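Shown next: start20.pdb, containing PDB, C-alpha atoms.
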```
ATOM      1  CA  MET A   1     164.112 127.275 -58.096
ATOM      2  CA  ASN A   2     162.540 125.328 -55.273
ATOM      3  CA  ASN A   3     159.125 125.956 -53.773
ATOM      4  CA  ALA A   4     160.598 127.013 -50.415
ATOM      5  CA  ILE A   5     161.145 130.573 -51.593
ATOM      6  CA  GLU A   6     157.674 130.685 -53.092
ATOM      7  CA  GLU A   7     156.171 129.593 -49.775
ATOM      8  CA  LYS A   8     158.378 131.954 -47.734
ATOM      9  CA  SER A   9     157.496 134.906 -49.964
ATOM     10  CA  PHE A  10     153.790 134.047 -49.754
ATOM     11  CA  GLN A  11     153.898 133.843 -45.953
ATOM     12  CA  PHE A  12     155.797 137.138 -45.874
ATOM     13  CA  ALA A  13     153.103 138.730 -48.088
ATOM     14  CA  VAL A  14     150.414 137.521 -45.675
ATOM     15  CA  ARG A  15     152.306 139.174 -42.805
ATOM     16  CA  ILE A  16     152.720 142.361 -44.849
ATOM     17  CA  VAL A  17     148.960 142.518 -45.489
ATOM     18  CA  SER A  18     148.285 142.072 -41.755
ATOM     19  CA  LEU A  19     150.883 144.685 -40.841
ATOM     20  CA  CYS A  20     149.457 147.197 -43.317
ATOM     21  CA  ARG A  21     145.946 146.584 -41.984
ATOM     22  CA  TYR A  22     147.282 147.261 -38.463
ATOM     23  CA  LEU A  23     149.063 150.426 -39.608
ATOM     24  CA  ARG A  24     145.926 151.677 -41.324
ATOM     25  CA  ASP A  25     143.400 150.746 -38.608
ATOM     26  CA  GLU A  26     145.408 151.266 -35.413
ATOM     27  CA  LYS A  27     148.046 153.841 -36.329
ATOM     28  CA  LYS A  28     145.977 155.725 -38.928
ATOM     29  CA  GLU A  29     148.938 155.622 -41.312
ATOM     30  CA  PHE A  30     147.851 155.404 -44.951
ATOM     31  CA  ILE A  31     150.640 156.551 -47.260
ATOM     32  CA  LEU A  32     153.714 154.595 -46.131
ATOM     33  CA  SER A  33     151.655 151.482 -45.457
ATOM     34  CA  LYS A  34     150.323 151.549 -49.026
ATOM     35  CA  GLN A  35     153.897 151.686 -50.337
ATOM     36  CA  LEU A  36     154.871 148.813 -48.033
ATOM     37  CA  LEU A  37     151.853 146.788 -49.139
ATOM     38  CA  ARG A  38     152.679 147.243 -52.819
ATOM     39  CA  ALA A  39     156.374 146.386 -52.487
ATOM     40  CA  GLY A  40     156.009 143.632 -49.882
ATOM     41  CA  THR A  41     153.380 141.675 -51.792
ATOM     42  CA  SER A  42     155.136 142.187 -55.125
ATOM     43  CA  ILE A  43     158.088 140.038 -54.003
ATOM     44  CA  GLY A  44     156.045 136.841 -53.976
ATOM     45  CA  ALA A  45     154.058 137.809 -57.062
ATOM     46  CA  ASN A  46     157.262 138.141 -59.086
ATOM     47  CA  ILE A  47     158.646 134.895 -57.696
ATOM     48  CA  ALA A  48     155.406 133.154 -58.681
ATOM     49  CA  GLU A  49     155.577 134.758 -62.122
ATOM     50  CA  SER A  50     159.147 133.530 -62.565
ATOM     51  CA  GLN A  51     157.840 129.969 -62.388
ATOM     52  CA  GLN A  52     156.150 130.528 -65.748
ATOM     53  CA  ALA A  53     159.061 132.337 -67.357
ATOM     54  CA  GLN A  54     159.346 131.967 -71.108
ATOM     55  CA  SER A  55     163.130 131.795 -71.034
ATOM     56  CA  ARG A  56     166.127 131.864 -68.726
ATOM     57  CA  PRO A  57     166.543 135.647 -69.207
ATOM     58  CA  ASP A  58     162.832 136.108 -68.403
ATOM     59  CA  PHE A  59     163.262 133.979 -65.254
ATOM     60  CA  ILE A  60     166.271 136.057 -64.181
ATOM     61  CA  SER A  61     164.404 139.293 -64.916
ATOM     62  CA  LYS A  62     161.439 138.307 -62.714
ATOM     63  CA  LEU A  63     163.741 137.350 -59.834
ATOM     64  CA  CYS A  64     165.683 140.606 -60.223
ATOM     65  CA  ILE A  65     162.410 142.506 -59.906
ATOM     66  CA  ALA A  66     161.533 140.450 -56.802
ATOM     67  CA  LEU A  67     164.922 141.334 -55.296
ATOM     68  CA  LYS A  68     164.388 145.040 -56.024
ATOM     69  CA  GLU A  69     160.969 144.863 -54.366
ATOM     70  CA  ALA A  70     162.526 143.143 -51.331
ATOM     71  CA  SER A  71     165.072 145.958 -51.091
ATOM     72  CA  GLU A  72     162.286 148.532 -51.306
ATOM     73  CA  THR A  73     160.297 146.672 -48.639
ATOM     74  CA  ASN A  74     163.378 146.742 -46.417
ATOM     75  CA  TYR A  75     163.481 150.530 -46.890
ATOM     76  CA  TRP A  76     159.816 151.056 -45.969
ATOM     77  CA  LEU A  77     160.174 148.867 -42.877
ATOM     78  CA  ARG A  78     163.217 150.870 -41.760
ATOM     79  CA  LEU A  79     161.384 154.142 -42.370
ATOM     80  CA  LEU A  80     158.319 152.986 -40.427
ATOM     81  CA  ARG A  81     160.584 152.019 -37.528
ATOM     82  CA  ALA A  82     162.516 155.298 -37.642
ATOM     83  CA  THR A  83     159.253 157.267 -37.518
ATOM     84  CA  ASP A  84     157.878 155.180 -34.622
ATOM     85  CA  TYR A  85     155.014 153.615 -36.556
ATOM     86  CA  LEU A  86     156.575 150.234 -35.730
ATOM     87  CA  SER A  87     157.980 149.153 -32.392
ATOM     88  CA  GLU A  88     161.435 147.588 -32.326
ATOM     89  CA  THR A  89     159.842 144.141 -31.875
ATOM     90  CA  GLU A  90     157.400 144.619 -34.763
ATOM     91  CA  TYR A  91     160.224 145.851 -36.963
ATOM     92  CA  ARG A  92     162.634 143.028 -36.045
ATOM     93  CA  THR A  93     160.170 140.241 -36.795
ATOM     94  CA  MET A  94     159.468 141.643 -40.262
ATOM     95  CA  ILE A  95     162.985 142.712 -41.230
ATOM     96  CA  VAL A  96     164.422 139.269 -40.456
ATOM     97  CA  GLN A  97     162.046 137.685 -42.970
ATOM     98  CA  CYS A  98     162.655 140.414 -45.528
ATOM     99  CA  ARG A  99     166.426 140.018 -45.326
ATOM    100  CA  GLU A 100     166.094 136.251 -45.604
ATOM    101  CA  LEU A 101     164.166 136.687 -48.857
ATOM    102  CA  GLU A 102     166.846 139.090 -50.108
ATOM    103  CA  ARG A 103     169.577 136.529 -49.324
ATOM    104  CA  LEU A 104     167.677 133.669 -50.968
ATOM    105  CA  LEU A 105     166.964 135.694 -54.104
ATOM    106  CA  THR A 106     170.581 136.851 -54.316
ATOM    107  CA  SER A 107     171.787 133.274 -53.978
ATOM    108  CA  ILE A 108     169.395 131.981 -56.664
ATOM    109  CA  LEU A 109     170.362 134.799 -59.020
ATOM    110  CA  LYS A 110     174.088 134.186 -58.519
ATOM    111  CA  SER A 111     173.670 130.510 -59.331
ATOM    112  CA  THR A 112     171.360 131.183 -62.297
ATOM    113  CA  LYS A 113     173.059 134.079 -64.056
ATOM    114  CA  PRO A 114     175.745 133.068 -66.527
ATOM    115  CA  SER A 115     179.196 133.819 -65.207
ATOM    116  CA  GLU A 116     180.655 136.926 -66.767
ATOM    117  CA  GLN A 117     184.073 136.589 -68.336
TER     118      GLN A 117
END
```
Rendering of file as structure tokens:
Amino acid sequence: MNNAIEEKSFQFAVRIVSLCRYLRDEKKEFILSKQLLRAGTSIGANIAESQQAQSRPDFISKLCIALKEASETNYWLRLLRATDYLSETEYRTMIVQCRELERLLTSILKSTKPSEQ
């Protein structure tokens, strides 16, 4: 795996932390933002962990967890938009990055997993 996804996931986590701080301080939203914070920062943490994987299956497992966390983050962002905690602009800027991470992780996993016969 290249460092691009590590850097992209780290930058996304930084944005998630800022967004959650905004939701907490400005919108007084505490529950959904905590869920978003946990899932959104976990993506990069699992990608970073995959770099020290003990085996190929361990590497794949860590990236699968990162992909699941990206999917969950996507959900929380959609929910925050649907409940008007996020404006359309705020939502769009975050969801584009989230979906990019999902695509990158999916691509890496497809090229890493052994082909099933």
I need the residue set behind the PyMOL selection byres ((chain A and resi 32-45) around 8) for this file; please write it as number ranges by chain. A: 6, 9-10, 12-14, 16-17, 20, 23-24, 29-31, 46-49, 65-67, 69-70, 72-73, 76-77, 80
Where does the PyMOL selection byres ((chain A and resi 106-113) around 9) land in this file, that is, which residues does it pick, as a PDB file with C-alpha atoms, keeping the file's coordinate frame?
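Written output follows (part.pdb):
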```pdb
ATOM      1  CA  MET A   1     164.112 127.275 -58.096  1.00  0.00           C
ATOM      2  CA  ARG A  56     166.127 131.864 -68.726  1.00  0.00           C
ATOM      3  CA  PRO A  57     166.543 135.647 -69.207  1.00  0.00           C
ATOM      4  CA  ILE A  60     166.271 136.057 -64.181  1.00  0.00           C
ATOM      5  CA  LEU A  63     163.741 137.350 -59.834  1.00  0.00           C
ATOM      6  CA  CYS A  64     165.683 140.606 -60.223  1.00  0.00           C
ATOM      7  CA  LEU A  67     164.922 141.334 -55.296  1.00  0.00           C
ATOM      8  CA  LEU A 101     164.166 136.687 -48.857  1.00  0.00           C
ATOM      9  CA  GLU A 102     166.846 139.090 -50.108  1.00  0.00           C
ATOM     10  CA  ARG A 103     169.577 136.529 -49.324  1.00  0.00           C
ATOM     11  CA  LEU A 104     167.677 133.669 -50.968  1.00  0.00           C
ATOM     12  CA  LEU A 105     166.964 135.694 -54.104  1.00  0.00           C
ATOM     13  CA  PRO A 114     175.745 133.068 -66.527  1.00  0.00           C
ATOM     14  CA  SER A 115     179.196 133.819 -65.207  1.00  0.00           C
ATOM     15  CA  GLU A 116     180.655 136.926 -66.767  1.00  0.00           C
TER      16      GLU A 116
END
```
Spatial neighbours of Met94 in chain A, max dist 9 Å, only C-alpha atoms, sep filter under 3 positions, as an mmCIF file with C-alpha atoms, in the coordinates of the input:
```
data_model
loop_
_atom_site.group_PDB
_atom_site.id
_atom_site.type_symbol
_atom_site.label_atom_id
_atom_site.label_comp_id
_atom_site.auth_asym_id
_atom_site.auth_seq_id
_atom_site.Cartn_x
_atom_site.Cartn_y
_atom_site.Cartn_z
ATOM 1 C CA PHE A 12 155.797 137.138 -45.874
ATOM 2 C CA ARG A 15 152.306 139.174 -42.805
ATOM 3 C CA ILE A 16 152.720 142.361 -44.849
ATOM 4 C CA ASN A 74 163.378 146.742 -46.417
ATOM 5 C CA LEU A 77 160.174 148.867 -42.877
ATOM 6 C CA THR A 89 159.842 144.141 -31.875
ATOM 7 C CA GLU A 90 157.400 144.619 -34.763
ATOM 8 C CA TYR A 91 160.224 145.851 -36.963
ATOM 9 C CA GLN A 97 162.046 137.685 -42.970
ATOM 10 C CA CYS A 98 162.655 140.414 -45.528
ATOM 11 C CA ARG A 99 166.426 140.018 -45.326
#
```
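Note that the spacing between CA of Leu19 in chain A and CA of Gln51 in chain A amounts to 27.0 Å.
What separates CA of Glu7 in chain A from CA of Phe59 in chain A is a distance of 17.6 Å.
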For range 40-60 of chain A, where the input has fewer atoms than it should, I would like N, CA and C atoms rebuilt and written as an mmCIF file, in the frame of the given file.
```cif
data_model
loop_
_atom_site.group_PDB
_atom_site.id
_atom_site.type_symbol
_atom_site.label_atom_id
_atom_site.label_comp_id
_atom_site.auth_asym_id
_atom_site.auth_seq_id
_atom_site.Cartn_x
_atom_site.Cartn_y
_atom_site.Cartn_z
ATOM 1 N N GLY A 40 155.897 144.886 -50.632
ATOM 2 C CA GLY A 40 156.009 143.632 -49.882
ATOM 3 C C GLY A 40 155.246 142.466 -50.486
ATOM 4 N N THR A 41 154.130 142.760 -51.147
ATOM 5 C CA THR A 41 153.380 141.675 -51.792
ATOM 6 C C THR A 41 153.901 141.392 -53.201
ATOM 7 N N SER A 42 154.589 142.359 -53.778
ATOM 8 C CA SER A 42 155.136 142.187 -55.125
ATOM 9 C C SER A 42 156.284 141.173 -55.164
ATOM 10 N N ILE A 43 156.974 141.003 -54.048
ATOM 11 C CA ILE A 43 158.088 140.038 -54.003
ATOM 12 C C ILE A 43 157.579 138.662 -54.417
ATOM 13 N N GLY A 44 156.588 138.180 -53.703
ATOM 14 C CA GLY A 44 156.045 136.841 -53.976
ATOM 15 C C GLY A 44 155.379 136.744 -55.334
ATOM 16 N N ALA A 45 154.715 137.824 -55.756
ATOM 17 C CA ALA A 45 154.058 137.809 -57.062
ATOM 18 C C ALA A 45 155.080 137.625 -58.179
ATOM 19 N N ASN A 46 156.219 138.289 -58.067
ATOM 20 C CA ASN A 46 157.262 138.141 -59.086
ATOM 21 C C ASN A 46 157.938 136.781 -59.018
ATOM 22 N N ILE A 47 158.095 136.251 -57.825
ATOM 23 C CA ILE A 47 158.646 134.895 -57.696
ATOM 24 C C ILE A 47 157.687 133.894 -58.338
ATOM 25 N N ALA A 48 156.402 134.045 -58.076
ATOM 26 C CA ALA A 48 155.406 133.154 -58.681
ATOM 27 C C ALA A 48 155.423 133.287 -60.205
ATOM 28 N N GLU A 49 155.528 134.507 -60.673
ATOM 29 C CA GLU A 49 155.577 134.758 -62.122
ATOM 30 C C GLU A 49 156.808 134.121 -62.754
ATOM 31 N N SER A 50 157.910 134.108 -62.024
ATOM 32 C CA SER A 50 159.147 133.530 -62.565
ATOM 33 C C SER A 50 158.997 132.042 -62.858
ATOM 34 N N GLN A 51 158.061 131.401 -62.176
ATOM 35 C CA GLN A 51 157.840 129.969 -62.388
ATOM 36 C C GLN A 51 157.285 129.670 -63.780
ATOM 37 N N GLN A 52 156.712 130.686 -64.403
ATOM 38 C CA GLN A 52 156.150 130.528 -65.748
ATOM 39 C C GLN A 52 156.969 131.293 -66.782
ATOM 40 N N ALA A 53 158.208 131.559 -66.457
ATOM 41 C CA ALA A 53 159.061 132.337 -67.357
ATOM 42 C C ALA A 53 159.167 131.656 -68.717
ATOM 43 N N GLN A 54 159.265 132.479 -69.745
ATOM 44 C CA GLN A 54 159.346 131.967 -71.108
ATOM 45 C C GLN A 54 160.764 131.588 -71.500
ATOM 46 N N SER A 55 161.731 132.072 -70.726
ATOM 47 C CA SER A 55 163.130 131.795 -71.034
ATOM 48 C C SER A 55 163.957 132.024 -69.775
ATOM 49 N N ARG A 56 165.218 131.624 -69.849
ATOM 50 C CA ARG A 56 166.127 131.864 -68.726
ATOM 51 C C ARG A 56 166.284 133.360 -68.431
ATOM 52 N N PRO A 57 166.470 134.209 -69.478
ATOM 53 C CA PRO A 57 166.543 135.647 -69.207
ATOM 54 C C PRO A 57 165.252 136.197 -68.571
ATOM 55 N N ASP A 58 164.106 135.687 -68.980
ATOM 56 C CA ASP A 58 162.832 136.108 -68.403
ATOM 57 C C ASP A 58 162.769 135.699 -66.927
ATOM 58 N N PHE A 59 163.201 134.489 -66.628
ATOM 59 C CA PHE A 59 163.262 133.979 -65.254
ATOM 60 C C PHE A 59 164.147 134.883 -64.393
ATOM 61 N N ILE A 60 165.326 135.196 -64.896
ATOM 62 C CA ILE A 60 166.271 136.057 -64.181
ATOM 63 C C ILE A 60 165.664 137.449 -63.983
#
```
